[in-house]
>>> print(open('query36.cif').read())   # mmCIF, C-alpha atoms and all ligand atoms
data_work
#
loop_
_atom_site.group_PDB
_atom_site.id
_atom_site.type_symbol
_atom_site.label_atom_id
_atom_site.label_comp_id
_atom_site.auth_asym_id
_atom_site.auth_seq_id
_atom_site.Cartn_x
_atom_site.Cartn_y
_atom_site.Cartn_z
ATOM 1 C CA MET B 1 0.000 0.000 0.000
ATOM 2 C CA GLY B 2 1.326 3.440 -0.935
ATOM 3 C CA LYS B 3 1.274 6.448 1.379
ATOM 4 C CA LEU B 4 -0.697 8.406 -1.248
ATOM 5 C CA ASP B 5 -3.228 5.762 -2.300
ATOM 6 C CA GLY B 6 -6.337 7.483 -3.675
ATOM 7 C CA ARG B 7 -4.778 10.949 -3.550
ATOM 8 C CA VAL B 8 -4.893 13.172 -6.619
ATOM 9 C CA ALA B 9 -1.722 15.005 -7.636
ATOM 10 C CA TRP B 10 -1.380 17.584 -10.415
ATOM 11 C CA VAL B 11 2.187 18.005 -11.623
ATOM 12 C CA THR B 12 3.119 20.829 -13.996
ATOM 13 C CA GLY B 13 6.183 20.548 -16.190
ATOM 14 C CA ALA B 14 5.645 16.810 -15.845
ATOM 15 C CA GLY B 15 7.130 15.757 -19.174
ATOM 16 C CA SER B 16 10.774 16.290 -18.266
ATOM 17 C CA GLY B 17 13.305 16.926 -15.522
ATOM 18 C CA ILE B 18 12.099 17.549 -11.970
ATOM 19 C CA GLY B 19 8.393 17.337 -12.867
ATOM 20 C CA GLU B 20 8.824 13.971 -14.556
ATOM 21 C CA ALA B 21 10.750 12.643 -11.546
ATOM 22 C CA ALA B 22 8.139 14.021 -9.129
ATOM 23 C CA ALA B 23 5.257 12.489 -11.115
ATOM 24 C CA LEU B 24 6.906 9.061 -11.133
ATOM 25 C CA ALA B 25 7.759 9.306 -7.413
ATOM 26 C CA LEU B 26 4.200 10.316 -6.426
ATOM 27 C CA ALA B 27 2.709 7.599 -8.638
ATOM 28 C CA GLY B 28 5.029 5.131 -6.892
ATOM 29 C CA GLU B 29 3.225 6.007 -3.635
ATOM 30 C CA GLY B 30 -0.160 5.339 -5.230
ATOM 31 C CA ALA B 31 -1.209 8.890 -6.187
ATOM 32 C CA ARG B 32 -3.424 9.391 -9.240
ATOM 33 C CA LEU B 33 -1.672 11.832 -11.537
ATOM 34 C CA VAL B 34 -2.686 14.729 -13.776
ATOM 35 C CA LEU B 35 0.243 15.729 -15.976
ATOM 36 C CA THR B 36 0.616 19.139 -17.623
ATOM 37 C CA GLY B 37 3.155 20.755 -19.960
ATOM 38 C CA ARG B 38 2.881 22.218 -23.441
ATOM 39 C CA ARG B 39 4.173 19.169 -25.363
ATOM 40 C CA GLU B 40 1.839 16.181 -25.336
ATOM 41 C CA ALA B 41 4.407 13.550 -26.385
ATOM 42 C CA PRO B 42 6.651 13.629 -23.278
ATOM 43 C CA LEU B 43 3.576 13.743 -21.016
ATOM 44 C CA SER B 44 2.143 10.678 -22.763
ATOM 45 C CA ASP B 45 5.464 8.920 -22.309
ATOM 46 C CA VAL B 46 5.443 9.599 -18.538
ATOM 47 C CA ALA B 47 1.759 8.596 -18.320
ATOM 48 C CA GLY B 48 2.543 5.363 -20.171
ATOM 49 C CA ARG B 49 5.274 4.484 -17.706
ATOM 50 C CA ILE B 50 2.927 5.123 -14.767
ATOM 51 C CA ARG B 51 0.135 3.033 -16.310
ATOM 52 C CA SER B 52 2.548 0.198 -17.189
ATOM 53 C CA VAL B 53 3.013 -0.463 -13.456
ATOM 54 C CA GLY B 54 -0.706 -0.250 -12.664
ATOM 55 C CA GLY B 55 -0.905 3.470 -11.860
ATOM 56 C CA GLU B 56 -3.349 6.120 -13.059
ATOM 57 C CA ALA B 57 -2.224 9.136 -15.076
ATOM 58 C CA HIS B 58 -4.122 11.688 -17.177
ATOM 59 C CA VAL B 59 -2.436 13.878 -19.754
ATOM 60 C CA GLN B 60 -3.719 17.452 -19.706
ATOM 61 C CA PRO B 61 -1.431 19.452 -21.963
ATOM 62 C CA GLY B 62 -1.515 23.235 -22.195
ATOM 63 C CA ASP B 63 0.320 26.511 -21.977
ATOM 64 C CA LEU B 64 0.093 27.499 -18.315
ATOM 65 C CA MET B 65 0.764 31.139 -19.153
ATOM 66 C CA ARG B 66 -2.861 31.227 -20.344
ATOM 67 C CA ALA B 67 -5.163 31.482 -17.325
ATOM 68 C CA ALA B 68 -8.153 30.109 -19.267
ATOM 69 C CA ILE B 69 -6.224 26.898 -20.015
ATOM 70 C CA VAL B 70 -5.252 26.517 -16.363
ATOM 71 C CA GLU B 71 -8.918 26.896 -15.409
ATOM 72 C CA LYS B 72 -9.889 24.290 -18.024
ATOM 73 C CA ILE B 73 -7.472 21.790 -16.500
ATOM 74 C CA GLY B 74 -8.925 22.636 -13.080
ATOM 75 C CA ALA B 75 -12.398 21.879 -14.481
ATOM 76 C CA PHE B 76 -11.129 18.510 -15.756
ATOM 77 C CA ILE B 77 -9.782 17.695 -12.269
ATOM 78 C CA GLY B 78 -13.124 18.689 -10.747
ATOM 79 C CA GLU B 79 -15.159 16.564 -13.164
ATOM 80 C CA ARG B 80 -12.871 13.538 -13.055
ATOM 81 C CA PHE B 81 -11.902 13.425 -9.362
ATOM 82 C CA ARG B 82 -13.874 16.089 -7.438
ATOM 83 C CA ARG B 83 -10.718 16.631 -5.369
ATOM 84 C CA LEU B 84 -7.078 17.692 -5.551
ATOM 85 C CA ASP B 85 -4.656 16.750 -2.797
ATOM 86 C CA ILE B 86 -1.268 17.760 -4.179
ATOM 87 C CA LEU B 87 -0.167 20.468 -6.597
ATOM 88 C CA VAL B 88 3.425 20.260 -7.788
ATOM 89 C CA ASN B 89 3.708 23.767 -9.218
ATOM 90 C CA ASN B 90 6.893 23.134 -11.123
ATOM 91 C CA ALA B 91 6.733 24.315 -14.754
ATOM 92 C CA GLY B 92 9.350 26.941 -15.484
ATOM 93 C CA ALA B 93 11.815 28.172 -18.052
ATOM 94 C CA ASN B 94 14.575 30.651 -18.680
ATOM 95 C CA ILE B 95 15.867 32.433 -21.762
ATOM 96 C CA LEU B 96 19.312 32.640 -23.337
ATOM 97 C CA GLU B 97 19.280 36.451 -23.608
ATOM 98 C CA ARG B 98 18.966 37.040 -19.875
ATOM 99 C CA ASP B 99 21.349 39.941 -19.242
ATOM 100 C CA TRP B 100 19.966 43.493 -18.936
ATOM 101 C CA LYS B 101 21.632 44.558 -22.217
ATOM 102 C CA ARG B 102 19.396 42.145 -24.152
ATOM 103 C CA LEU B 103 16.220 42.038 -22.059
ATOM 104 C CA THR B 104 13.091 43.138 -23.910
ATOM 105 C CA PRO B 105 9.534 43.558 -22.610
ATOM 106 C CA ALA B 106 8.441 40.445 -24.542
ATOM 107 C CA ARG B 107 11.175 38.270 -23.023
ATOM 108 C CA ILE B 108 10.495 39.703 -19.532
ATOM 109 C CA ASP B 109 6.801 38.794 -19.910
ATOM 110 C CA GLU B 110 7.796 35.293 -21.029
ATOM 111 C CA VAL B 111 10.014 34.602 -18.008
ATOM 112 C CA ILE B 112 7.705 36.213 -15.439
ATOM 113 C CA GLY B 113 4.725 34.593 -17.169
ATOM 114 C CA ILE B 114 5.798 30.986 -16.888
ATOM 115 C CA ASN B 115 7.774 31.142 -13.641
ATOM 116 C CA LEU B 116 5.497 33.406 -11.593
ATOM 117 C CA SER B 117 2.092 34.211 -13.136
ATOM 118 C CA ALA B 118 1.485 30.596 -14.185
ATOM 119 C CA ALA B 119 2.399 29.421 -10.672
ATOM 120 C CA PHE B 120 -0.181 31.870 -9.280
ATOM 121 C CA TYR B 121 -2.822 30.667 -11.782
ATOM 122 C CA CYS B 122 -2.271 27.023 -10.794
ATOM 123 C CA ALA B 123 -2.419 27.854 -7.075
ATOM 124 C CA THR B 124 -5.703 29.738 -7.512
ATOM 125 C CA VAL B 125 -7.181 26.690 -9.253
ATOM 126 C CA ALA B 126 -5.855 24.253 -6.618
ATOM 127 C CA LEU B 127 -6.804 26.155 -3.468
ATOM 128 C CA PRO B 128 -10.639 25.942 -3.723
ATOM 129 C CA PHE B 129 -10.430 22.122 -3.858
ATOM 130 C CA MET B 130 -8.142 22.094 -0.839
ATOM 131 C CA ARG B 131 -10.242 24.569 1.167
ATOM 132 C CA ALA B 132 -13.304 22.384 0.620
ATOM 133 C CA GLN B 133 -11.350 19.317 1.744
ATOM 134 C CA LYS B 134 -9.655 21.188 4.639
ATOM 135 C CA ASP B 135 -6.500 19.448 3.448
ATOM 136 C CA GLY B 136 -3.929 19.734 0.695
ATOM 137 C CA VAL B 137 -0.308 20.441 -0.070
ATOM 138 C CA LEU B 138 1.211 22.733 -2.665
ATOM 139 C CA ILE B 139 4.857 22.205 -3.587
ATOM 140 C CA HIS B 140 6.402 24.926 -5.733
ATOM 141 C CA THR B 141 9.736 24.629 -7.510
ATOM 142 C CA ALA B 142 11.413 28.014 -7.086
ATOM 143 C CA SER B 143 15.215 28.072 -7.191
ATOM 144 C CA PHE B 144 18.422 28.954 -5.370
ATOM 145 C CA ALA B 145 17.929 32.092 -7.482
ATOM 146 C CA GLY B 146 14.686 32.629 -5.580
ATOM 147 C CA ARG B 147 16.652 33.049 -2.352
ATOM 148 C CA PHE B 148 19.919 34.625 -3.503
ATOM 149 C CA VAL B 149 20.634 37.215 -6.173
ATOM 150 C CA HIS B 150 23.563 36.245 -8.357
ATOM 151 C CA PRO B 151 24.576 36.966 -11.971
ATOM 152 C CA LEU B 152 23.960 33.510 -13.479
ATOM 153 C CA SER B 153 20.176 33.291 -13.835
ATOM 154 C CA GLY B 154 19.243 36.725 -15.128
ATOM 155 C CA ALA B 155 17.128 39.483 -13.590
ATOM 156 C CA ALA B 156 13.717 38.315 -14.788
ATOM 157 C CA TYR B 157 14.190 34.720 -13.602
ATOM 158 C CA ILE B 158 15.648 35.815 -10.244
ATOM 159 C CA ALA B 159 12.770 38.234 -9.683
ATOM 160 C CA ALA B 160 10.164 35.641 -10.714
ATOM 161 C CA LYS B 161 11.601 32.953 -8.433
ATOM 162 C CA HIS B 162 11.822 35.375 -5.481
ATOM 163 C CA GLY B 163 8.133 35.968 -6.205
ATOM 164 C CA VAL B 164 7.406 32.239 -6.033
ATOM 165 C CA VAL B 165 9.085 32.031 -2.610
ATOM 166 C CA ALA B 166 6.985 34.951 -1.357
ATOM 167 C CA MET B 167 3.834 33.464 -2.914
ATOM 168 C CA SER B 168 4.340 30.170 -1.106
ATOM 169 C CA HIS B 169 4.855 31.785 2.301
ATOM 170 C CA SER B 170 1.772 33.960 1.756
ATOM 171 C CA ILE B 171 -0.325 30.829 1.129
ATOM 172 C CA ASN B 172 0.725 29.426 4.507
ATOM 173 C CA MET B 173 -0.103 32.742 6.193
ATOM 174 C CA GLU B 174 -3.690 32.743 4.877
ATOM 175 C CA GLU B 175 -4.529 29.100 4.378
ATOM 176 C CA CYS B 176 -3.029 27.382 7.449
ATOM 177 C CA VAL B 177 -6.439 27.761 9.106
ATOM 178 C CA ASN B 178 -7.890 25.657 6.273
ATOM 179 C CA GLY B 179 -5.517 22.737 6.738
ATOM 180 C CA ILE B 180 -3.493 23.726 3.644
ATOM 181 C CA ARG B 181 0.303 23.514 3.510
ATOM 182 C CA SER B 182 2.619 25.189 1.043
ATOM 183 C CA THR B 183 6.249 24.229 0.513
ATOM 184 C CA VAL B 184 8.677 26.096 -1.674
ATOM 185 C CA VAL B 185 11.656 24.089 -2.908
ATOM 186 C CA CYS B 186 14.728 26.109 -3.888
ATOM 187 C CA PRO B 187 17.115 23.866 -5.818
ATOM 188 C CA GLY B 188 20.621 24.759 -6.865
ATOM 189 C CA GLU B 189 21.793 23.272 -10.125
ATOM 190 C CA VAL B 190 19.900 20.171 -11.286
ATOM 191 C CA ALA B 191 20.956 18.202 -14.374
ATOM 192 C CA THR B 192 17.806 18.641 -16.481
ATOM 193 C CA PRO B 193 16.994 19.918 -19.996
ATOM 194 C CA ILE B 194 16.651 23.510 -18.699
ATOM 195 C CA LEU B 195 20.482 23.647 -18.625
ATOM 196 C CA ASP B 196 20.477 23.566 -22.427
ATOM 197 C CA LYS B 197 19.225 27.172 -22.238
ATOM 198 C CA ARG B 198 22.375 28.398 -20.462
ATOM 199 C CA PRO B 199 24.417 31.087 -22.260
ATOM 200 C CA VAL B 200 27.572 29.096 -21.337
ATOM 201 C CA PRO B 201 27.143 25.383 -22.204
ATOM 202 C CA VAL B 202 27.316 22.994 -19.238
ATOM 203 C CA SER B 203 29.704 20.044 -19.575
ATOM 204 C CA LYS B 204 28.743 16.400 -19.054
ATOM 205 C CA GLU B 205 31.155 16.243 -16.091
ATOM 206 C CA ASP B 206 29.553 19.265 -14.412
ATOM 207 C CA ARG B 207 26.075 17.807 -14.980
ATOM 208 C CA ALA B 208 27.143 14.554 -13.315
ATOM 209 C CA ARG B 209 28.173 16.431 -10.138
ATOM 210 C CA MET B 210 24.877 18.340 -9.941
ATOM 211 C CA LEU B 211 21.655 17.311 -8.267
ATOM 212 C CA GLN B 212 19.754 14.839 -10.423
ATOM 213 C CA ALA B 213 16.043 15.179 -11.176
ATOM 214 C CA THR B 214 15.306 12.126 -9.020
ATOM 215 C CA ASP B 215 16.887 13.839 -5.976
ATOM 216 C CA CYS B 216 14.228 16.542 -6.288
ATOM 217 C CA GLY B 217 11.505 13.997 -7.095
ATOM 218 C CA ASP B 218 12.345 12.130 -3.888
ATOM 219 C CA LEU B 219 12.194 15.362 -1.888
ATOM 220 C CA ILE B 220 8.808 16.237 -3.376
ATOM 221 C CA ARG B 221 7.510 12.755 -2.558
ATOM 222 C CA TYR B 222 8.787 13.143 1.028
ATOM 223 C CA VAL B 223 6.999 16.478 1.460
ATOM 224 C CA ALA B 224 3.795 15.127 -0.114
ATOM 225 C CA CYS B 225 3.769 12.122 2.229
ATOM 226 C CA LEU B 226 4.105 14.110 5.480
ATOM 227 C CA PRO B 227 1.215 13.950 7.948
ATOM 228 C CA PRO B 228 -1.276 16.850 7.706
ATOM 229 C CA HIS B 229 -0.016 18.602 10.868
ATOM 230 C CA VAL B 230 3.517 19.034 9.408
ATOM 231 C CA CYS B 231 4.292 21.935 7.087
ATOM 232 C CA ILE B 232 7.766 22.283 5.615
ATOM 233 C CA ASN B 233 7.747 25.933 4.611
ATOM 234 C CA GLU B 234 10.925 26.090 2.554
ATOM 235 C CA VAL B 235 13.741 23.786 1.425
ATOM 236 C CA LEU B 236 17.103 24.850 0.000
ATOM 237 C CA ILE B 237 18.675 21.873 -1.760
ATOM 238 C CA THR B 238 21.976 22.035 -3.644
ATOM 239 C CA PRO B 239 24.652 19.731 -4.991
ATOM 240 C CA THR B 240 27.400 19.120 -2.452
ATOM 241 C CA SER B 241 29.846 20.386 -5.047
ATOM 242 C CA ASN B 242 28.114 23.751 -5.426
ATOM 243 C CA ARG B 243 29.710 25.404 -8.485
ATOM 244 C CA GLY B 244 28.933 28.891 -7.146
ATOM 245 C CA TYR B 245 31.068 28.171 -4.066
ATOM 246 C CA VAL B 246 33.734 26.173 -5.913
ATOM 247 C CA VAL B 247 34.472 29.130 -8.220
ATOM 248 C CA VAL B 248 34.834 31.521 -5.275
ATOM 249 C CA LEU B 249 37.034 29.047 -3.368
ATOM 250 C CA ALA B 250 39.346 28.739 -6.379
ATOM 251 C CA ARG B 251 39.742 32.541 -6.405
ATOM 252 C CA CYS B 252 40.557 32.523 -2.657
ATOM 253 C CA GLY B 253 43.519 30.249 -3.377
HETATM 254 N N1 LIG C 1 17.515 22.448 -13.426
HETATM 255 C C1 LIG C 1 17.914 23.391 -12.577
HETATM 256 O O1 LIG C 1 19.136 23.641 -12.401
HETATM 257 C C2 LIG C 1 16.884 24.146 -11.763
HETATM 258 C C3 LIG C 1 17.324 24.818 -10.629
HETATM 259 C C4 LIG C 1 16.409 25.530 -9.878
HETATM 260 C C5 LIG C 1 15.084 25.553 -10.251
HETATM 261 N N2 LIG C 1 14.677 24.904 -11.365
HETATM 262 C C6 LIG C 1 13.245 24.962 -11.708
HETATM 263 O O2 LIG C 1 12.752 23.643 -11.742
HETATM 264 C C7 LIG C 1 11.548 23.606 -12.507
HETATM 265 C C8 LIG C 1 11.596 22.410 -13.440
HETATM 266 O O3 LIG C 1 12.634 22.608 -14.385
HETATM 267 P P1 LIG C 1 13.625 21.456 -14.853
HETATM 268 O O4 LIG C 1 14.944 21.789 -14.321
HETATM 269 O O5 LIG C 1 13.031 20.147 -14.542
HETATM 270 O O6 LIG C 1 13.707 21.741 -16.432
HETATM 271 P P2 LIG C 1 12.843 21.204 -17.638
HETATM 272 O O7 LIG C 1 13.100 19.762 -17.842
HETATM 273 O O8 LIG C 1 13.099 22.146 -18.757
HETATM 274 O O9 LIG C 1 11.328 21.335 -17.125
HETATM 275 C C9 LIG C 1 10.530 22.466 -17.302
HETATM 276 C C10 LIG C 1 9.140 21.989 -17.651
HETATM 277 O O10 LIG C 1 8.237 23.092 -17.682
HETATM 278 C C11 LIG C 1 7.367 22.927 -18.795
HETATM 279 N N3 LIG C 1 6.950 24.235 -19.297
HETATM 280 C C12 LIG C 1 7.746 25.257 -19.716
HETATM 281 N N4 LIG C 1 7.006 26.277 -20.136
HETATM 282 C C13 LIG C 1 5.711 25.897 -19.998
HETATM 283 C C14 LIG C 1 4.470 26.517 -20.279
HETATM 284 N N5 LIG C 1 4.396 27.757 -20.798
HETATM 285 N N6 LIG C 1 3.324 25.854 -19.985
HETATM 286 C C15 LIG C 1 3.385 24.603 -19.470
HETATM 287 N N7 LIG C 1 4.520 23.967 -19.171
HETATM 288 C C16 LIG C 1 5.674 24.607 -19.452
HETATM 289 C C17 LIG C 1 8.210 22.193 -19.846
HETATM 290 O O11 LIG C 1 7.412 21.401 -20.724
HETATM 291 P P3 LIG C 1 7.002 21.949 -22.183
HETATM 292 O O12 LIG C 1 8.245 22.514 -22.814
HETATM 293 O O13 LIG C 1 6.476 20.733 -22.869
HETATM 294 O O14 LIG C 1 5.950 22.974 -21.951
HETATM 295 C C18 LIG C 1 9.096 21.299 -19.004
HETATM 296 O O15 LIG C 1 8.546 20.016 -18.857
HETATM 297 C C19 LIG C 1 11.471 24.952 -13.215
HETATM 298 O O16 LIG C 1 10.550 25.784 -12.546
HETATM 299 C C20 LIG C 1 12.877 25.519 -13.076
HETATM 300 O O17 LIG C 1 12.888 26.921 -13.121
HETATM 301 C C21 LIG C 1 15.542 24.178 -12.135
#
>>> encode(input="query36.cif", output="structure tokens")
Amino acid sequence: MGKLDGRVAWVTGAGSGIGEAAALALAGEGARLVLTGRREAPLSDVAGRIRSVGGEAHVQPGDLMRAAIVEKIGAFIGERFRRLDILVNNAGANILERDWKRLTPARIDEVIGINLSAAFYCATVALPFMRAQKDGVLIHTASFAGRFVHPLSGAAYIAAKHGVVAMSHSINMEECVNGIRSTVVCPGEVATPILDKRPVPVSKEDRARMLQATDCGDLIRYVACLPPHVCINEVLITPTSNRGYVVVLARCG
């Protein structure tokens, strides 16, 4: 018997990286999954792997920057399950042209849109289910860049991820009386496809030393399986060999 048998979990960005790992980990505990991302093919692949071991997974593709699509997926969850126990609010992206010299309003909207506005849209769809149930957990993937300002990630991404951290804490402030818990996960570097959007390419060796998607999937499963009276507000998780520190150490001699 899994710790999440019968629970319904909606994972965004579920076709790759951290979201894929989280979906598989939650399904391994018996949760019934709703999988969202823009591309249907990787979602169907993840759903197929869940179903092949007797699990339940529903592919609900869509661009989460469009509030109407988020609401449509919420309506599907309502019709199909009439409940939502876990939201893994994980979809995100960055751009190559992230320095101030090349930032344009359109690119700013893109980064803020997927990393922050979409996370808000998904939370507003999830919360009414959870209020009605007097139970539920939201797990948001922010970033190390959501806690610390540094040059690597770019202004728009850093600002958006700081917003996600603040959003998560604000949910706990208002919704704790409704039995709702919100956890923001702030990972350092994780070896996932998002690294292909780095202005400086990341080597295979560096990727091998980073956190792996399954490390974050395991953490998300752990948080989702906690008893209802336990709220982990925030988690900072990094590779032991943190490249940000290693570079500074090298300069210190
Ligand atoms: N990897 C890292 O080093 C790292 C570190 C800190 C935080 N994070 C955060 O971790 C989260 C997951 O990223 P990842 O590292 O696992 O990279 P990833 O494999 O690129 O995953 C990002 C996912 O988000 C989905 N997505 C992007 N834009 C979307 C949109 N408009 N609507 C719906 N879905 C969208 C993508 O699917 P589609 O392209 O099919 O839409 C993709 O599956 C992100 O929020 C990222 O910012 C990553």
>>> atom_distance(input="query36.cif", atom1="CA of Cys186 in chain B", atom2="CA of Pro105 in chain B")
26.1 Å
>>> resolve_selection(input="query36.cif", expression="the PyMOL selection byres (((chain B and resi 204-210) around 12) and not hetatm)", output="ChimeraX atom specification")
/B:187-196,201-203,211-216,237-244,246
>>> atom_distance(input="query36.cif", atom1="atom C13 of ligand LIG 1 (chain C)", atom2="CA of Cys231 in chain B")
27.4 Å
>>> resolve_selection(input="query36.cif", expression="the PyMOL selection byres (((not hetatm)) within 7 of (chain C and resi 1))", output="PyMOL selection string")
chain B and resi 12-19+36-40+62-65+90-94+114-115+141-144+186-195+213
>>> atom_distance(input="query36.cif", atom1="CA of Val46 in chain B", atom2="CA of Asp109 in chain B")
29.3 Å
>>> resolve_selection(input="query36.cif", expression="the PyMOL selection byres (((chain B and resi 119) around 8) and not hetatm)", output="ChimeraX atom specification")
/B:89-91,114-118,120-123,140,164
>>> closest_residue(input="query36.cif", among="B:Ala75, B:Ile108, B:Ala41, B:Ala166", to="Leu96 in chain B", atoms="all atoms listed in the file")
B:Ile108
>>> closest_residue(input="query36.cif", among="B:Val11, B:Leu84, B:Ala47, B:Leu249", to="Gln133 in chain B", atoms="only C-alpha atoms")
B:Leu84
>>> axis_aligned_box(input="query36.cif", around="range 148-164 of chain B", padding_each_side="4 Å", output="JSON")
{"center_x": 16.0, "center_y": 35.9, "center_z": -9.3, "size_x": 25.2, "size_y": 15.2, "size_z": 19.6}
>>> decode(input="query36.cif", residues="range 137-196 of chain B", atoms="C-alpha atoms", output="compact mmCIF listing (two decimals), in the first residue's frame")
# COMPACT_ATOMS: atom_id res chain seq x y z
CA VAL B 137 -0.31 20.44 -0.07
CA LEU B 138 1.21 22.73 -2.67
CA ILE B 139 4.86 22.20 -3.59
CA HIS B 140 6.40 24.93 -5.73
CA THR B 141 9.74 24.63 -7.51
CA ALA B 142 11.41 28.01 -7.09
CA SER B 143 15.21 28.07 -7.19
CA PHE B 144 18.42 28.95 -5.37
CA ALA B 145 17.93 32.09 -7.48
CA GLY B 146 14.69 32.63 -5.58
CA ARG B 147 16.65 33.05 -2.35
CA PHE B 148 19.92 34.62 -3.50
CA VAL B 149 20.63 37.21 -6.17
CA HIS B 150 23.56 36.24 -8.36
CA PRO B 151 24.58 36.97 -11.97
CA LEU B 152 23.96 33.51 -13.48
CA SER B 153 20.18 33.29 -13.83
CA GLY B 154 19.24 36.73 -15.13
CA ALA B 155 17.13 39.48 -13.59
CA ALA B 156 13.72 38.32 -14.79
CA TYR B 157 14.19 34.72 -13.60
CA ILE B 158 15.65 35.82 -10.24
CA ALA B 159 12.77 38.23 -9.68
CA ALA B 160 10.16 35.64 -10.71
CA LYS B 161 11.60 32.95 -8.43
CA HIS B 162 11.82 35.38 -5.48
CA GLY B 163 8.13 35.97 -6.21
CA VAL B 164 7.41 32.24 -6.03
CA VAL B 165 9.08 32.03 -2.61
CA ALA B 166 6.99 34.95 -1.36
CA MET B 167 3.83 33.46 -2.91
CA SER B 168 4.34 30.17 -1.11
CA HIS B 169 4.86 31.79 2.30
CA SER B 170 1.77 33.96 1.76
CA ILE B 171 -0.32 30.83 1.13
CA ASN B 172 0.73 29.43 4.51
CA MET B 173 -0.10 32.74 6.19
CA GLU B 174 -3.69 32.74 4.88
CA GLU B 175 -4.53 29.10 4.38
CA CYS B 176 -3.03 27.38 7.45
CA VAL B 177 -6.44 27.76 9.11
CA ASN B 178 -7.89 25.66 6.27
CA GLY B 179 -5.52 22.74 6.74
CA ILE B 180 -3.49 23.73 3.64
CA ARG B 181 0.30 23.51 3.51
CA SER B 182 2.62 25.19 1.04
CA THR B 183 6.25 24.23 0.51
CA VAL B 184 8.68 26.10 -1.67
CA VAL B 185 11.66 24.09 -2.91
CA CYS B 186 14.73 26.11 -3.89
CA PRO B 187 17.12 23.87 -5.82
CA GLY B 188 20.62 24.76 -6.87
CA GLU B 189 21.79 23.27 -10.13
CA VAL B 190 19.90 20.17 -11.29
CA ALA B 191 20.96 18.20 -14.37
CA THR B 192 17.81 18.64 -16.48
CA PRO B 193 16.99 19.92 -20.00
CA ILE B 194 16.65 23.51 -18.70
CA LEU B 195 20.48 23.65 -18.62
CA ASP B 196 20.48 23.57 -22.43
